[in-house]
$ cat final-v1.cif   # mmCIF, C-alpha atoms (C1' of nucleotides)
data_final
loop_
_atom_site.label_atom_id
_atom_site.label_comp_id
_atom_site.auth_asym_id
_atom_site.auth_seq_id
_atom_site.Cartn_x
_atom_site.Cartn_y
_atom_site.Cartn_z
CA MET A 1188 0.00 0.00 0.00
CA LEU A 1189 2.62 2.53 1.06
CA ASN A 1190 4.98 1.32 -1.64
CA LYS A 1191 2.27 1.84 -4.24
CA LEU A 1192 1.58 5.29 -2.81
CA TYR A 1193 5.28 6.11 -3.12
CA HIS A 1194 5.33 5.11 -6.76
CA ASP A 1195 2.12 7.01 -7.49
CA LEU A 1196 3.65 10.13 -5.99
CA LEU A 1197 6.96 9.53 -7.74
CA ALA A 1198 5.28 10.12 -11.09
CA PHE A 1199 4.62 13.70 -10.02
CA TYR A 1200 7.64 14.51 -7.91
CA PRO A 1201 10.94 13.21 -9.25
CA MET A 1202 13.80 12.75 -6.81
CA LYS A 1203 15.45 15.95 -5.71
CA PRO A 1204 17.10 17.29 -2.57
CA TRP A 1205 14.57 19.02 -0.47
CA TRP A 1206 15.10 20.26 3.09
CA PRO A 1207 16.44 23.79 2.69
CA GLY A 1208 19.66 24.24 4.59
CA ASP A 1209 23.37 24.25 3.85
CA SER A 1210 24.51 22.42 6.96
CA ALA A 1211 23.35 20.00 9.63
CA LEU A 1212 23.36 22.83 12.15
CA GLU A 1213 21.19 25.01 9.94
CA THR A 1214 18.80 22.11 9.54
CA ALA A 1215 18.69 21.51 13.28
CA VAL A 1216 17.98 25.17 13.93
CA GLY A 1217 15.32 25.10 11.24
CA THR A 1218 13.54 22.13 12.82
CA ILE A 1219 13.05 24.07 16.05
CA LEU A 1220 12.06 27.29 14.33
CA THR A 1221 9.47 25.65 12.10
CA GLN A 1222 7.49 24.11 14.97
CA ASN A 1223 3.83 24.96 14.36
CA THR A 1224 4.95 27.71 12.01
CA SER A 1225 5.08 28.10 8.25
CA TRP A 1226 8.47 27.99 6.60
CA LYS A 1227 8.26 31.61 5.39
CA GLY A 1228 9.11 33.18 8.71
CA VAL A 1229 11.75 30.56 9.33
CA LEU A 1230 13.60 31.64 6.20
CA LYS A 1231 13.69 35.19 7.48
CA SER A 1232 14.94 34.06 10.88
CA ILE A 1233 17.67 31.90 9.35
CA GLU A 1234 18.64 34.85 7.18
CA ASN A 1235 18.89 37.04 10.26
CA LEU A 1236 21.12 34.48 11.96
CA LYS A 1237 23.37 34.21 8.91
CA ASN A 1238 23.72 37.96 8.58
CA ALA A 1239 24.60 38.20 12.25
CA GLY A 1240 27.22 35.47 11.85
CA LYS A 1241 25.32 33.31 14.31
CA LEU A 1242 24.91 30.15 12.27
CA ASP A 1243 27.59 28.48 14.33
CA LEU A 1244 27.29 26.18 17.33
CA ASP A 1245 29.44 28.24 19.70
CA ALA A 1246 28.27 31.61 18.45
CA LEU A 1247 24.64 30.62 18.87
CA HIS A 1248 25.20 29.08 22.25
CA GLU A 1249 26.89 32.22 23.54
CA THR A 1250 24.33 34.68 22.20
CA PRO A 1251 22.26 36.23 24.98
CA ASP A 1252 18.66 35.06 25.01
CA GLU A 1253 17.22 38.51 24.36
CA GLN A 1254 19.41 39.00 21.30
CA LEU A 1255 18.70 35.53 19.93
CA ALA A 1256 14.97 36.04 20.44
CA GLU A 1257 15.15 39.25 18.44
CA LEU A 1258 16.85 37.48 15.52
CA ILE A 1259 14.31 34.66 15.37
CA ARG A 1260 11.22 36.79 16.00
CA PRO A 1261 9.85 36.32 12.43
CA SER A 1262 9.28 32.61 13.02
CA GLY A 1263 7.07 33.14 16.06
CA TYR A 1264 7.20 31.97 19.68
CA ALA A 1265 10.57 33.72 19.91
CA ASN A 1266 11.06 33.36 23.66
CA LEU A 1267 9.94 29.75 23.69
CA LYS A 1268 12.05 28.80 20.69
CA THR A 1269 15.08 30.60 22.09
CA ARG A 1270 14.92 28.32 25.13
CA ARG A 1271 14.39 25.24 23.00
CA LEU A 1272 17.23 26.19 20.69
CA LYS A 1273 19.57 26.74 23.62
CA ASN A 1274 18.52 23.38 25.11
CA LEU A 1275 19.36 21.61 21.85
CA LEU A 1276 22.66 23.44 21.39
CA ARG A 1277 23.69 22.72 24.97
CA PHE A 1278 22.90 19.06 24.44
CA ILE A 1279 24.99 18.88 21.27
CA LYS A 1280 27.93 20.69 22.86
CA THR A 1281 28.01 18.80 26.12
CA ARG A 1282 27.16 15.35 24.79
CA TYR A 1283 28.95 15.38 21.42
CA GLY A 1284 30.97 18.57 21.14
CA THR A 1285 30.13 19.17 17.50
CA VAL A 1286 27.21 18.51 15.18
CA ASP A 1287 29.35 16.24 13.04
CA ALA A 1288 30.28 14.10 16.03
CA MET A 1289 26.65 13.00 16.20
CA ARG A 1290 26.98 11.26 12.85
CA THR A 1291 28.78 8.28 14.30
CA ALA A 1292 26.18 7.72 17.03
CA PRO A 1293 23.69 4.85 16.58
CA LYS A 1294 20.39 6.21 15.37
CA ASP A 1295 18.12 4.72 18.02
CA ARG A 1296 20.26 5.91 20.91
CA LEU A 1297 20.65 9.37 19.42
CA ARG A 1298 16.88 9.62 18.91
CA GLU A 1299 16.26 8.80 22.56
CA GLU A 1300 18.82 11.39 23.61
CA LEU A 1301 17.29 14.05 21.38
CA LEU A 1302 13.84 13.29 22.77
CA SER A 1303 15.14 13.90 26.28
CA VAL A 1304 15.91 17.52 25.33
CA ASN A 1305 13.10 19.83 26.41
CA GLY A 1306 11.62 21.29 23.25
CA VAL A 1307 12.61 18.41 20.97
CA GLY A 1308 9.70 16.14 20.21
CA ARG A 1309 9.41 13.24 17.81
CA GLU A 1310 9.05 15.21 14.60
CA THR A 1311 11.90 17.53 15.49
CA ALA A 1312 14.18 14.65 16.48
CA ASP A 1313 13.37 12.69 13.33
CA SER A 1314 13.90 15.75 11.13
CA ILE A 1315 17.32 16.34 12.64
CA LEU A 1316 18.20 12.68 12.20
CA LEU A 1317 16.92 12.42 8.64
CA TYR A 1318 17.61 15.81 7.10
CA GLY A 1319 20.56 16.90 9.20
CA LEU A 1320 22.40 13.61 9.64
CA GLU A 1321 21.01 11.45 6.80
CA LYS A 1322 19.94 8.70 9.18
CA PRO A 1323 16.86 6.67 8.19
CA SER A 1324 14.23 7.98 10.61
CA PHE A 1325 10.86 8.51 8.98
CA VAL A 1326 9.37 11.96 9.64
CA VAL A 1327 5.66 12.20 10.39
CA ASP A 1328 4.20 15.69 10.27
CA ALA A 1329 0.92 17.47 9.72
CA TYR A 1330 1.25 17.01 5.95
CA THR A 1331 1.89 13.29 6.27
CA ARG A 1332 -1.19 12.88 8.46
CA ARG A 1333 -3.31 15.00 6.15
CA VAL A 1334 -2.51 12.99 3.05
CA LEU A 1335 -2.93 9.65 4.80
CA ALA A 1336 -6.21 10.64 6.42
CA ARG A 1337 -7.68 12.30 3.35
CA HIS A 1338 -7.06 9.33 1.18
CA GLY A 1339 -8.29 6.85 3.74
CA ILE A 1340 -4.94 5.15 4.20
CA LEU A 1341 -4.69 5.64 7.95
CA PRO A 1342 -7.16 7.16 10.46
CA GLU A 1343 -6.49 10.80 11.28
CA LYS A 1344 -5.49 10.33 14.88
CA THR A 1345 -3.18 7.38 14.48
CA PRO A 1346 -0.33 7.91 16.97
CA TYR A 1347 2.99 9.20 15.67
CA ASP A 1348 5.04 6.14 16.51
CA GLU A 1349 2.50 3.88 14.87
CA ILE A 1350 2.57 5.81 11.61
CA GLN A 1351 6.35 5.88 11.65
CA ALA A 1352 6.58 2.18 12.38
CA THR A 1353 4.21 1.41 9.53
CA PHE A 1354 6.40 3.27 7.07
CA GLU A 1355 9.67 1.92 8.41
CA ARG A 1356 8.31 -1.63 8.30
CA THR A 1357 7.08 -1.27 4.74
CA ILE A 1358 9.50 0.74 2.66
CA PRO A 1359 13.25 0.27 2.13
CA ARG A 1360 15.34 1.47 5.08
CA ASP A 1361 17.04 4.26 3.18
CA ALA A 1362 17.44 7.86 4.28
CA ALA A 1363 17.16 9.23 0.74
CA ILE A 1364 13.87 7.42 0.18
CA TYR A 1365 12.47 8.50 3.55
CA ALA A 1366 13.41 12.09 2.81
CA HIS A 1367 11.97 11.99 -0.67
CA TYR A 1368 8.77 10.35 0.49
CA HIS A 1369 8.21 12.99 3.16
CA ALA A 1370 9.09 15.77 0.74
CA MET A 1371 6.46 14.52 -1.67
CA PHE A 1372 3.79 14.67 1.02
CA VAL A 1373 4.68 18.28 1.63
CA GLU A 1374 4.75 19.17 -2.06
CA LEU A 1375 1.48 17.37 -2.64
CA CYS A 1376 -0.22 19.22 0.19
CA LYS A 1377 1.08 22.58 -0.93
CA ALA A 1378 -0.18 21.94 -4.44
CA PHE A 1379 -3.53 20.35 -3.67
CA CYS A 1380 -4.34 19.53 -0.08
CA LEU A 1381 -4.17 22.60 2.14
CA LYS A 1382 -7.41 23.44 3.90
CA ASN A 1383 -10.10 24.46 1.41
CA HIS A 1384 -7.57 24.26 -1.39
CA PRO A 1385 -9.26 25.20 -4.67
CA LYS A 1386 -7.35 22.53 -6.60
CA CYS A 1387 -8.22 19.77 -4.20
CA GLU A 1388 -10.20 17.95 -6.89
CA GLU A 1389 -7.14 17.82 -9.12
CA CYS A 1390 -5.07 15.86 -6.62
CA PRO A 1391 -3.08 13.19 -8.50
CA LEU A 1392 -4.07 10.67 -5.84
CA GLY A 1393 -7.72 11.17 -6.70
CA LYS A 1394 -10.55 12.78 -4.81
CA GLN A 1395 -10.17 12.95 -1.07
CA ARG A 1396 -12.61 10.93 0.96
CA LYS A 1397 -12.59 13.14 4.01
CA LYS A 1398 -12.26 16.82 4.67
CA ILE A 1399 -9.34 17.33 7.01
"C1'" DT B 174 -9.91 40.19 8.62
"C1'" DG B 175 -9.85 36.20 10.77
"C1'" DC B 176 -7.68 31.90 10.05
"C1'" DC B 177 -3.85 29.16 9.71
"C1'" DA B 178 1.10 27.44 9.66
"C1'" DG B 179 6.16 21.30 8.62
"C1'" DG B 180 5.00 21.08 17.54
"C1'" DC B 181 5.89 20.60 22.14
"C1'" DC B 182 5.18 20.84 26.99
"C1'" DG B 183 2.78 20.72 31.35
"C1'" DG B 184 -1.16 19.96 33.82
"C1'" DG B 185 -5.66 17.90 34.16
"C1'" DT B 186 -8.89 13.97 33.64
"C1'" DA C 304 -3.69 6.86 27.81
"C1'" DC C 305 -5.74 10.92 25.86
"C1'" DC C 306 -7.19 16.01 25.91
"C1'" DC C 307 -6.37 20.87 26.29
"C1'" DG C 308 -4.45 25.62 26.70
"C1'" DG C 309 -0.49 28.28 25.99
"C1'" DC C 310 3.07 29.88 23.19
"C1'" DA C 311 3.72 34.76 18.67
"C1'" DT C 312 4.31 36.20 14.10
"C1'" DG C 313 3.27 37.03 9.33
"C1'" DG C 314 0.95 35.69 4.89
"C1'" DC C 315 -3.15 35.23 2.43
#
$ encode --input "final-v1.cif" --output "structure tokens"
Amino acid sequence: MLNKLYHDLLAFYPMKPWWPGDSALETAVGTILTQNTSWKGVLKSIENLKNAGKLDLDALHETPDEQLAELIRPSGYANLKTRRLKNLLRFIKTRYGTVDAMRTAPKDRLREELLSVNGVGRETADSILLYGLEKPSFVVDAYTRRVLARHGILPEKTPYDEIQATFERTIPRDAAIYAHYHAMFVELCKAFCLKNHPKCEECPLGKQRKKI
DNA sequence: TGCCAGGCCGGGT
DNA sequence: ACCCGGCATGGC
């Protein structure tokens, strides 16, 4: 079922790199900033950080909270996300020293460690693992749920871990495929499946069965 | 102009 | 094991 879905989507979205970000650190920062927020504001925040020379583990870690909050204000929840960002950076520095040092850690252990950081939930952890470190951890987000629910593949409120397990059990254990699959969900939603989307009827997967 | 966006946490039931 | 309110800003 999920393999067929992948191949159906593949016809519309050929393989291409997707998560915007030039480094694992930038990706990690982006995963925090994009929590419950559209990517638009995140771009602006990342831009601010770059211009301020702050896209660096030590520089970010040493930036005062008030200043960091000001830089990331466009992506919303600035105070909250400043704390979460600092929590993540502190974890990386104290546990691994550098972002790259995390690459050699076993995926399952690293995921547990990331989840223990306050402000890093399952989607954030999996996004860091998959898009930052190219480890095969399937990302489940609002888009994933929307597509699956709309097309009657999985019930809307299926728990995160269950959805992830279903994918990881079914499709090849390959980071590039996981990333591409998730990217296609996002692209599909942006093109056809956002709430009250006018082109909903033109969805390549066919008419939705449920309004989500 | 109100509604919504690529979550997560803490507290309550 | 769920359910809910809070957290902020900008685009459409």
$ resolve_selection --input "final-v1.cif" --expression "the PyMOL selection byres ((chain A) within 10 of (chain B))" --output "compact mmCIF listing (two decimals) with C-alpha atoms, in the coordinates of the input"
# COMPACT_ATOMS: atom_id res chain seq x y z
CA THR A 1218 13.54 22.13 12.82
CA ILE A 1219 13.05 24.07 16.05
CA LEU A 1220 12.06 27.29 14.33
CA THR A 1221 9.47 25.65 12.10
CA GLN A 1222 7.49 24.11 14.97
CA ASN A 1223 3.83 24.96 14.36
CA THR A 1224 4.95 27.71 12.01
CA SER A 1225 5.08 28.10 8.25
CA TRP A 1226 8.47 27.99 6.60
CA LYS A 1227 8.26 31.61 5.39
CA GLY A 1228 9.11 33.18 8.71
CA ARG A 1271 14.39 25.24 23.00
CA ASN A 1305 13.10 19.83 26.41
CA GLY A 1306 11.62 21.29 23.25
CA VAL A 1307 12.61 18.41 20.97
CA GLY A 1308 9.70 16.14 20.21
CA ARG A 1309 9.41 13.24 17.81
CA GLU A 1310 9.05 15.21 14.60
CA THR A 1311 11.90 17.53 15.49
CA SER A 1314 13.90 15.75 11.13
CA VAL A 1326 9.37 11.96 9.64
CA VAL A 1327 5.66 12.20 10.39
CA ASP A 1328 4.20 15.69 10.27
CA ALA A 1329 0.92 17.47 9.72
CA TYR A 1330 1.25 17.01 5.95
CA THR A 1331 1.89 13.29 6.27
CA VAL A 1373 4.68 18.28 1.63
CA LYS A 1382 -7.41 23.44 3.90
$ interface_residues --input "final-v1.cif" --of "chain A" --to "chain C" --cutoff "9 Å" --atoms "only C-alpha atoms (C1' of nucleotides)" --output "ChimeraX atom specification"
/A:1224,1227-1228,1260-1267
$ write_last_selection --input "final-v1.cif" --atoms "C-alpha atoms" --output "mmCIF file, keeping the file's coordinate frame"
data_model
loop_
_atom_site.group_PDB
_atom_site.id
_atom_site.type_symbol
_atom_site.label_atom_id
_atom_site.label_comp_id
_atom_site.auth_asym_id
_atom_site.auth_seq_id
_atom_site.Cartn_x
_atom_site.Cartn_y
_atom_site.Cartn_z
ATOM 1 C CA THR A 1224 4.950 27.710 12.010
ATOM 2 C CA LYS A 1227 8.260 31.610 5.390
ATOM 3 C CA GLY A 1228 9.110 33.180 8.710
ATOM 4 C CA ARG A 1260 11.220 36.790 16.000
ATOM 5 C CA PRO A 1261 9.850 36.320 12.430
ATOM 6 C CA SER A 1262 9.280 32.610 13.020
ATOM 7 C CA GLY A 1263 7.070 33.140 16.060
ATOM 8 C CA TYR A 1264 7.200 31.970 19.680
ATOM 9 C CA ALA A 1265 10.570 33.720 19.910
ATOM 10 C CA ASN A 1266 11.060 33.360 23.660
ATOM 11 C CA LEU A 1267 9.940 29.750 23.690
#
$ closest_residue --input "final-v1.cif" --among "A:Leu1320, A:Leu1392, A:Leu1212, A:Ala1363" --to "Leu1375 (chain A)" --atoms "all atoms listed in the file"
A:Leu1392
$ resolve_selection --input "final-v1.cif" --expression "the PyMOL selection byres ((chain A and resi 1276) around 12)" --output "ChimeraX atom specification"
/A:1212-1213,1215-1216,1219,1242-1250,1268-1275,1277-1286,1301,1304-1307
$ atom_distance --input "final-v1.cif" --atom1 "CA of Tyr1365 (chain A)" --atom2 "CA of Pro1323 (chain A)"
6.6 Å
$ atom_distance --input "final-v1.cif" --atom1 "CA of Gly1319 (chain A)" --atom2 "CA of Thr1214 (chain A)"
5.5 Å
$ atom_distance --input "final-v1.cif" --atom1 "CA of Gln1351 (chain A)" --atom2 "CA of Ser1303 (chain A)"
18.9 Å
$ axis_aligned_box --input "final-v1.cif" --around "region 1222-1230 of chain A" --padding-each-side "8 Å" --output "JSON"
{"center_x": 8.7, "center_y": 28.6, "center_z": 10.2, "size_x": 25.8, "size_y": 25.1, "size_z": 25.6}
$ build_atoms --input "final-v1.cif" --residues "region 1324-1356 of chain A" --atoms "N, CA and C atoms" --output "short mmCIF file (atom, residue, chain, number, x, y, z; two decimals), in the coordinates of the input"
data_model
loop_
_atom_site.label_atom_id
_atom_site.label_comp_id
_atom_site.auth_asym_id
_atom_site.auth_seq_id
_atom_site.Cartn_x
_atom_site.Cartn_y
_atom_site.Cartn_z
N SER A 1324 15.28 7.84 9.60
CA SER A 1324 14.23 7.98 10.61
C SER A 1324 13.07 8.68 9.93
N PHE A 1325 11.96 7.96 9.77
CA PHE A 1325 10.86 8.51 8.98
C PHE A 1325 10.16 9.65 9.72
N VAL A 1326 9.97 10.77 9.03
CA VAL A 1326 9.37 11.96 9.64
C VAL A 1326 7.86 11.97 9.40
N VAL A 1327 7.11 12.08 10.48
CA VAL A 1327 5.66 12.20 10.39
C VAL A 1327 5.29 13.61 10.79
N ASP A 1328 4.62 14.34 9.90
CA ASP A 1328 4.20 15.69 10.27
C ASP A 1328 2.75 15.92 9.86
N ALA A 1329 2.31 17.15 10.01
CA ALA A 1329 0.92 17.47 9.72
C ALA A 1329 0.57 17.12 8.27
N TYR A 1330 1.51 17.32 7.36
CA TYR A 1330 1.25 17.01 5.95
C TYR A 1330 1.08 15.51 5.75
N THR A 1331 1.97 14.74 6.37
CA THR A 1331 1.89 13.29 6.27
C THR A 1331 0.52 12.81 6.73
N ARG A 1332 0.10 13.28 7.89
CA ARG A 1332 -1.19 12.88 8.46
C ARG A 1332 -2.34 13.29 7.55
N ARG A 1333 -2.23 14.49 6.99
CA ARG A 1333 -3.31 15.00 6.15
C ARG A 1333 -3.51 14.14 4.92
N VAL A 1334 -2.41 13.82 4.25
CA VAL A 1334 -2.51 12.99 3.05
C VAL A 1334 -3.06 11.61 3.40
N LEU A 1335 -2.51 11.01 4.43
CA LEU A 1335 -2.93 9.65 4.80
C LEU A 1335 -4.40 9.61 5.19
N ALA A 1336 -4.82 10.61 5.95
CA ALA A 1336 -6.21 10.64 6.42
C ALA A 1336 -7.16 10.93 5.27
N ARG A 1337 -6.81 11.91 4.45
CA ARG A 1337 -7.68 12.30 3.35
C ARG A 1337 -7.94 11.18 2.38
N HIS A 1338 -6.91 10.38 2.18
CA HIS A 1338 -7.06 9.33 1.18
C HIS A 1338 -7.38 7.98 1.82
N GLY A 1339 -7.78 8.05 3.08
CA GLY A 1339 -8.29 6.85 3.74
C GLY A 1339 -7.26 5.76 3.95
N ILE A 1340 -5.99 6.14 4.03
CA ILE A 1340 -4.94 5.15 4.20
C ILE A 1340 -4.73 4.82 5.67
N LEU A 1341 -4.78 5.84 6.50
CA LEU A 1341 -4.69 5.64 7.95
C LEU A 1341 -5.65 6.63 8.62
N PRO A 1342 -6.27 6.24 9.74
CA PRO A 1342 -7.16 7.16 10.46
C PRO A 1342 -6.40 8.40 10.92
N GLU A 1343 -7.11 9.51 11.00
CA GLU A 1343 -6.49 10.80 11.28
C GLU A 1343 -5.69 10.83 12.56
N LYS A 1344 -6.19 10.20 13.60
CA LYS A 1344 -5.49 10.33 14.88
C LYS A 1344 -4.60 9.15 15.23
N THR A 1345 -4.15 8.45 14.22
CA THR A 1345 -3.18 7.38 14.48
C THR A 1345 -1.95 7.98 15.16
N PRO A 1346 -1.49 7.37 16.25
CA PRO A 1346 -0.33 7.91 16.97
C PRO A 1346 0.93 7.99 16.11
N TYR A 1347 1.76 8.96 16.42
CA TYR A 1347 2.99 9.20 15.67
C TYR A 1347 3.82 7.93 15.48
N ASP A 1348 4.14 7.29 16.58
CA ASP A 1348 5.04 6.14 16.51
C ASP A 1348 4.47 5.01 15.65
N GLU A 1349 3.15 4.92 15.66
CA GLU A 1349 2.50 3.88 14.87
C GLU A 1349 2.63 4.17 13.38
N ILE A 1350 2.42 5.43 13.01
CA ILE A 1350 2.57 5.81 11.61
C ILE A 1350 4.01 5.58 11.16
N GLN A 1351 4.94 6.05 11.99
CA GLN A 1351 6.35 5.88 11.65
C GLN A 1351 6.72 4.41 11.49
N ALA A 1352 6.26 3.60 12.43
CA ALA A 1352 6.58 2.18 12.38
C ALA A 1352 6.03 1.53 11.12
N THR A 1353 4.83 1.96 10.74
CA THR A 1353 4.21 1.41 9.53
C THR A 1353 5.07 1.69 8.30
N PHE A 1354 5.55 2.93 8.20
CA PHE A 1354 6.40 3.27 7.07
C PHE A 1354 7.73 2.52 7.13
N GLU A 1355 8.34 2.51 8.30
CA GLU A 1355 9.67 1.92 8.41
C GLU A 1355 9.64 0.40 8.23
N ARG A 1356 8.48 -0.19 8.49
CA ARG A 1356 8.31 -1.63 8.30
C ARG A 1356 8.11 -1.94 6.81
#
